[in-house]
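S.K.: Pasting in a structure now, in C-alpha cells, and then I'll have a few things to ask.
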Amino acid sequence: MHGGDEVVAAPSRPPEPLDWKFSQVFGERTAGEEVQEVDIISAIEFDKTGDHLATGDRGGRVVLFERTDAKDHGVSRRDLEIMDYPISRHPEFRYKTEFQSHEPEFDYLKSLEIEEKINKIRWCQTANSALFLLSTNDKTIKFWKVQEKKVKKISDMNLDPSKAVGSGSVASSSSSSSPKPCLVNGSSFDGSYNNLSNNFFPPGGLPSLRLPAVTSQETNLVARCRRVYGHAHDYHINSISNNSDGETFISADDLRINLWNLEISSQSFNIVDVKPADMEDLTEVITSAEFHPTHCNMLAYSSSKGSIRLIDLRQSALCDSHTKLFEEPEAPGSRSFFTEIIASISDVKFSKEGRYILSRDYMTLKLWDINMDSGPVATFQVHEYLRPKLCDLYENDSIFDKFECCLSGDGFRVATGSYSNIFRVFGCAPGSTESTTLEASKNPMRRQVQTPTRPSRPLSSITRVVRRGSDTPGVDANGNAFDFTTKLLHLAWHPTENLIACAAANSLYMYYA
Amino acid sequence: MAMIDEPLYPIAVLIDELKNEDIQLRLNSIRKLSTIARALGEERTRKELIPFLSENNDDDDEVLLAMAEELGVFIPYVGGVEYANVLLPPLETLCIVEETCVRDKAAESLCRIGAQMREQDLVEFFIPMLKRLAAGEWFTARVSSCGLFHIAYPSAPEAVKTELRTLYGQLCQDDMPMVRRSAATNLGKFAATVEATHLKVDVMSMFNDLTQDDQDSVRLLAVEGCAALGKLLEPQDCVAHILPVIVSFSQDKSWRVRYMVANQLYELCEAVGPEPSRSDLVPAYVRLLRDNEAEVRIAAAGKVTMFCRILNSELAIQNILPCVKELSTDSSQHVRSSLASVIMGMAPILGKDATIEQLLPIFLSLLKDEFPDVRLNIISKLDQVNQVIGIDLLSQSLLPAIVELAEDKHWRVRLAIIEYIPLLASQLGVGFFDDKLGALCMQWLKDKVYSIREAAANNVKRLAEEFGPEWAMQHIVPQVLDMINDPHYLYRMTILQAISLLAPVMGEEITCSMLLPVVINASKDGVPNIKFNVAKVLQSIIPIVDQSVVEKTIRPCLVELSEDPDVDVRFFATQALQSSDQLTMMSS
C-alpha cells in the first residue's frame, strides 16, 4: 500500500553516484554587486509535472519559469537564462512571468508590521493551461491564476473610437469620415435602450450594426489573484500544503494548523492546536507541516523538539492526538545547552509515494519510514564540522536558520543546504555511500572536499565579522567553508529528473546529473 | 464604419462595449445580450453573435459567468427551438474553463437548453457534445459532463444509451478526484433516467465504486446519493443494495462520512422504508449517537426527534432513550446543545407518562446546564412539552434558569432570553409571570447594552399585546413611566422608545391620559437627544389620537421644539409638524 515500489524495491546494487553539472543561473550576481534584501529568494517550488518552477522572494514577488526543452513555443519574451549547454537533454527553464503576490502591510490592532516576504509557494492543479498556485507570507495566503490572454486589438466598431471616449479600446480601424455625433460616455445611454420597445427592432435585425472584430492574436500572461485566505493565523505561517483530493489545503503556523477549501476563503477549520492554556507552559511549536501525497486523510507535522507527528484526519475533527510519533531517542550523556535547539526540525517532506518522510534539523537530514516509528532509517550529517562552533552559531543567531530539504523523484537521493552557498546530496538507497558537496556557483564541484570528522581549528578562531555579499568566505584549516552569511536555505528537486534548483541569495542556480 | 442612425447609438455603444477594456462595461453589455440579439435579428445572431461569443472564451471570469447565464435563456433570440443547437458551442467552451462557478452555470444553461431541444437535435448535437466533454483532455470538461447525462440519456438510441452508461462508469473511476466527486454528485439525477433493468446492474456498480473510493470527499458525496438512489429502487432492492452500504458507511473510518450518515439518516430511512429502518438502522443510529467524535454525536443528536417519529414509542423508549440520557450529560457542550434543541419534540411521540417518567429528568438537568445555549434551546421549545404534560412540572426549575439567563454576563444570551419572554408568558400564564418575571422585564430596560434595552422595549409591547391593555395598565405602564425620571439620558431614551411602541397597543384613551403627558414633559429635558426623540415619538402618536388632542397638546409642544437652539431638535420637530399637516389635509 505504501509505495512498495520505492526505495525498498531498489536494485540490489545501489545506483551509481551522480555526476552533477551546472545547468543554468538566473539573476547571477556580478562580483562586488550588493544584494538587495528584497531580491533574496525565500521559496522554491516545482510543479507536479516539473514543467514549471516558481520562486518567491522577500519583496513579495513570485517569479515563474517554464521548461523549454520539452515543449518549445516560438519566441521567448524575455530571455534571461544563460545557456552553457545549448544542445542537451536535461531540463532547461526560461523566465515566464512574474507578479507581485504580497505587499507590506500593517496590522493596526496588534501594531505589527506584516512583511511581504513569501514564505511558501505551492502549485495547484493545472486546468486548461492556466496555472494555479498558492503563495503565503506570514499571515495571508493567496490563490493565483496565471493565464495567457489575447491582446485585444479591436476593429470594426460601430462608432468612431477616436471620438467615443466611453470605449477606450485600442481600435485600429479605418475611420470613415462620415459626420456623425460621437458619444461622450457610452454608459450614459444605459437607460435609453431599455425604452426601446420589443417592436422597435425589425424582424430581420438592423443591418447597419456590426460586431467588433478582434484582429490581433498576440497573447500575454496575466496573473490574477482569485482568492485571499486571511485572518486565520495569530502566529506566523510556516507551511502550506495541498491535499491529494484537489479540493483542500492546510496552512500551519507556530501553534495551529488550519484546513481550507480552495473555493472558500471565508472559513477554515482548525485541525491541530498545540497552544497551551497558559503560554508559560509552551515548550514546543509547530515548524512545518505537509499532507501525504496520496492519502487524503494523513498529514505530518514537525516540531521544534525534533519530533514528527503523523495524524489521521479521519479519526477526529480536532486532531490533538497523533496516530504516530517519530522521534529519535536521545543518546545518553550527549546532552548540552544546544541539544534542544539543534533538534528543532526546519522542514519535512514526504517521498513521492508517501512511504518515507525526510526531515531536516540543524545538523542532520533524517529519513523515516512511516511504518517504523522507533527511529530514522537513515541519518546524514550535513555539516558535522560546525558542531564545535555551535556557540558562535548561537551568538549570531545562525543556529536558528531554517534549512529546507528535498527528495529526488525516484526516492534514491536526498538533498539539503548549508552555509557558504553549498548544498549536499546523499544517496539513501540501501548500501549507497553517495555523498556529494556542491557549491551554488557555475563551478559546483569547486569546493568538493571530504567532510572531516574533527576539525582541528580552535573555536575562538572563527571570525565573527559579518560579511555581506562577500565572495571570499572564510575557510578553516581543512578548507571547509563556514561563511554564515551566505546560506543556502531553499532548494527543490525536479519531480521526475535529476535536477536541483537552489537559491543563493538572489540567484537561482540549477544543476543536473 | 457604418452610418448609425440616431436612435441606434445606445445599441451601437452596447455592441462596441462587448470588447471594451473596462470590465464593468463588458459586463453591462453581456447582461444586455438579448437586446443586442434582437437588434441584430435572429439570423445574424446565429451567424455572427454566437460565433463571436464562442471566440470570447478568455475573458474575465465575471464576464464568462454572465455570458453562461444569458445563453441559457437565449433560444428565443436565435430563432426558436429548431435553432437551439447553435447555442451549444459557446456553452461547450464555457464548460471547460477553470473557474468552477462558470462551469456550473454553463452546465446549468446547457441543461435548460437541452430540456427544450427536439429529440433529433439532441441526438445530432447534444450527445456528441456530451461525449466530447466526457472524454475531454482537461478534468474541467469531464467534471462538467457529469451534470449533462440526465438530459441526453432519455433521448438516446439504445446503442448510444449503452455507450453513455459506460462513459458514466468511466467517469466514476476517473483519475482526478474532482471528476469522481462530480460523478457522485450527479449520479442520482442520471440514475433517475436510467431504465430499471440497467439501474440494478450498471448504476449500482458505479455506486459501489464510489462508495469504496479512497478519497473521503468522494465517499461523502456517495452517502448523499444513497437516499436519492434508494428512492428509485424497488423496496426489496433498496434493502438488498442500499441498506448494507448505509450500515457500512455508519461505521466508516472517517468521522466525516459518519457525520454525513448521521445528517442524512432520516432521508435514508425514508428510502429503505419503515420496517427495515426499525430492524437495521436503529442499531446503526445508536452507534452514531455513541460515536467517539463529538461532531458525529452533534449531528446524530439533532436528528433524535425525527428518527423517533418513524419508530413506535416502545422502540424509541427501549433503544433511543438510553442514548438520549447519556447525551444529556455529554462532555461536549455542543452535543448537549444540539440535543436540547430537539429533545422537547420527543414529548408528543413518547406520550404523557413516558415523558414525565423519562424525559422530564433530562429536561430538568439540561435546564441546569452550565452552557447557556443548552438552557436557551430548552426554553425556546417549551410549548411542545406544555401540550403534553403541562407546564407545572417544569415551572419550579424553569424560573431559576430564566433568572440566571436574564442576568448572564454575555449580552447575546440576555438578548436571546428576552426574545423568548412573550412565548414564556403565554405558556406560563399571567399569574406566574406577575410574580416572577415582571421585575426582570423592567430591569432589562436599564441594561448597559443598547441592543438589550431596545429588545426590552419591544418586549414590553409584546407583553401588552399578549395580556391586554388592562393588565398592562396595572403591571407595565406605571413602572415604565416611573423610569422617565432616571438621571441617565440613555435610559430616558429607552423609555421614550417603549412609549412609542406601547401607544398603539394601549389605545387612544390611555395614550392621552397616561403616556402623552409624560412625553410632553420630556420635551423640557435638558438633553437635545431626548428632545428630538420626543419629536419623533409625538410624530408616531399623532395618527392614533384625536385631532383635538393634536391641536391642543401636541402641536404647541412641537412648535416650541421647532424653535429649539439645537439644529437636530428643530429638524425633527419640523418634520413632525409637516407630517401632522399632511394628516390633517388628508382627513379634511
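Residue numbering restarts at 1 in every chain; chains get A, B, ... in the order shown in the C-alpha cells, and ligands count up from 1 in that same order.
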Please determine the contact residues of chain B with respect to chain A at a cut-off of 6 Å, counting only C-alpha atoms, and supply them as a list in words.

M.R.: Met1, Pro10, Ala12, Val13, Asp16, Asn20, Glu21, Ala39, Leu40, Gly41, Glu98, Pro177, Ser254, Trp255 and Glu293 of chain B

S.K.: Let me see the file: selected residues, all heavy atoms, as a compact mmCIF listing (two decimals), in the first residue's frame.

M.R.:
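This is the output file selection.txt:
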```
# COMPACT_ATOMS: atom_id res chain seq x y z
N MET B 1 -16.74 51.64 -41.38
CA MET B 1 -17.61 52.21 -40.34
C MET B 1 -18.95 52.58 -40.94
O MET B 1 -19.03 53.28 -41.92
CB MET B 1 -16.93 53.44 -39.75
CG MET B 1 -17.64 54.02 -38.57
SD MET B 1 -17.47 53.08 -37.04
CE MET B 1 -15.76 52.64 -37.08
N PRO B 10 -27.43 53.98 -28.64
CA PRO B 10 -27.27 53.18 -27.42
C PRO B 10 -26.91 51.74 -27.75
O PRO B 10 -25.99 51.17 -27.14
CB PRO B 10 -28.65 53.24 -26.77
CG PRO B 10 -29.35 54.37 -27.41
CD PRO B 10 -28.73 54.62 -28.75
N ALA B 12 -25.57 50.60 -30.45
CA ALA B 12 -24.24 50.54 -31.08
C ALA B 12 -23.15 50.56 -30.02
O ALA B 12 -22.18 49.81 -30.07
CB ALA B 12 -24.08 51.70 -32.05
N VAL B 13 -23.36 51.42 -29.04
CA VAL B 13 -22.38 51.51 -27.95
C VAL B 13 -22.33 50.18 -27.20
O VAL B 13 -21.25 49.65 -26.89
CB VAL B 13 -22.77 52.65 -26.99
CG1 VAL B 13 -21.92 52.58 -25.73
CG2 VAL B 13 -22.60 53.99 -27.67
N ASP B 16 -20.31 47.75 -29.14
CA ASP B 16 -18.88 48.06 -29.11
C ASP B 16 -18.28 47.70 -27.76
O ASP B 16 -17.13 47.25 -27.67
CB ASP B 16 -18.66 49.56 -29.38
CG ASP B 16 -18.89 49.89 -30.85
OD1 ASP B 16 -19.07 48.93 -31.63
OD2 ASP B 16 -18.89 51.08 -31.20
N ASN B 20 -14.87 46.25 -24.69
CA ASN B 20 -14.25 47.39 -24.02
C ASN B 20 -13.17 46.91 -23.04
O ASN B 20 -13.20 45.78 -22.57
CB ASN B 20 -15.32 48.18 -23.28
CG ASN B 20 -14.85 49.58 -22.95
OD1 ASN B 20 -13.99 49.75 -22.11
ND2 ASN B 20 -15.39 50.56 -23.65
N GLU B 21 -12.26 47.80 -22.76
CA GLU B 21 -11.20 47.46 -21.79
C GLU B 21 -11.76 47.36 -20.38
O GLU B 21 -11.26 46.62 -19.56
CB GLU B 21 -10.13 48.56 -21.79
CG GLU B 21 -9.50 48.80 -23.11
CD GLU B 21 -8.11 48.26 -23.14
OE1 GLU B 21 -7.27 48.79 -22.39
OE2 GLU B 21 -7.85 47.30 -23.89
N ALA B 39 -31.53 43.37 -31.76
CA ALA B 39 -31.14 44.41 -32.71
C ALA B 39 -30.51 43.81 -33.96
O ALA B 39 -30.66 44.31 -35.06
CB ALA B 39 -30.18 45.38 -32.04
N LEU B 40 -29.77 42.70 -33.75
CA LEU B 40 -29.10 42.08 -34.89
C LEU B 40 -30.06 41.20 -35.70
O LEU B 40 -29.81 40.92 -36.87
CB LEU B 40 -27.92 41.22 -34.42
CG LEU B 40 -26.71 41.98 -33.88
CD1 LEU B 40 -25.72 41.00 -33.27
CD2 LEU B 40 -26.05 42.80 -34.96
N GLY B 41 -31.11 40.77 -35.07
CA GLY B 41 -32.03 39.84 -35.73
C GLY B 41 -31.58 38.42 -35.54
O GLY B 41 -30.41 38.15 -35.25
N GLU B 98 -11.62 27.16 -16.25
CA GLU B 98 -11.06 26.73 -14.98
C GLU B 98 -11.95 27.08 -13.80
O GLU B 98 -11.94 26.42 -12.78
CB GLU B 98 -9.70 27.39 -14.72
CG GLU B 98 -8.76 27.43 -15.89
CD GLU B 98 -9.16 28.52 -16.86
OE1 GLU B 98 -9.33 29.67 -16.49
OE2 GLU B 98 -9.30 28.16 -18.05
N PRO B 177 -9.86 13.23 -8.60
CA PRO B 177 -10.94 13.18 -7.62
C PRO B 177 -12.06 14.18 -7.91
O PRO B 177 -13.21 13.92 -7.57
CB PRO B 177 -10.25 13.52 -6.30
CG PRO B 177 -8.84 13.86 -6.61
CD PRO B 177 -8.55 13.46 -8.01
N SER B 254 -13.73 7.24 8.49
CA SER B 254 -13.67 8.69 8.51
C SER B 254 -14.87 9.27 9.25
O SER B 254 -16.02 9.00 8.92
CB SER B 254 -13.64 9.23 7.08
OG SER B 254 -13.90 10.61 7.10
N TRP B 255 -14.59 10.12 10.24
CA TRP B 255 -15.70 10.69 11.01
C TRP B 255 -16.58 11.56 10.13
O TRP B 255 -17.77 11.69 10.38
CB TRP B 255 -15.18 11.49 12.21
CG TRP B 255 -14.46 12.77 11.85
CD1 TRP B 255 -13.12 12.91 11.65
CD2 TRP B 255 -15.04 14.05 11.62
NE1 TRP B 255 -12.83 14.20 11.31
CE2 TRP B 255 -14.00 14.94 11.30
CE3 TRP B 255 -16.34 14.55 11.67
CZ2 TRP B 255 -14.21 16.28 11.01
CZ3 TRP B 255 -16.56 15.89 11.39
CH2 TRP B 255 -15.49 16.74 11.06
N GLU B 293 -16.52 10.64 18.02
CA GLU B 293 -16.30 12.00 17.56
C GLU B 293 -17.50 12.88 17.90
O GLU B 293 -18.63 12.57 17.54
CB GLU B 293 -16.06 11.99 16.03
CG GLU B 293 -15.96 13.34 15.39
CD GLU B 293 -14.91 14.23 16.01
OE1 GLU B 293 -13.81 13.73 16.30
OE2 GLU B 293 -15.21 15.41 16.23
```

S.K.: If we count only C-alpha atoms and set the cut-off at 6 Å, which residues sit around A:Tyr229, ignoring sequence neighbours fewer than 3 positions away in its own chain? Please answer as a PyMOL selection string.

M.R.: chain A and resi 140-141+265

S.K.: Between B:Leu130, B:Ala522, B:Leu538, B:Leu399, which one has atoms that come closest to B:Arg375, using only C-alpha atoms?

M.R.: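 Closest to B:Arg375 of all the choices is B:Leu399.
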
S.K.: At a cut-off of 9 Å, using only C-alpha atoms, what residues contact stretch 425-432 of chain A? Leave out same-chain residues fewer than 2 positions from it and give the result as a PyMOL selection string.

M.R.: chain A and resi 7-8+10-17+367+378+380+411-417+423+434-438

S.K.: Could you give me, as a count of residues only, the residues within 12 Å of B:Val335, counting only C-alpha atoms and dropping anything in the same chain fewer than 5 positions from it?

M.R.: 30
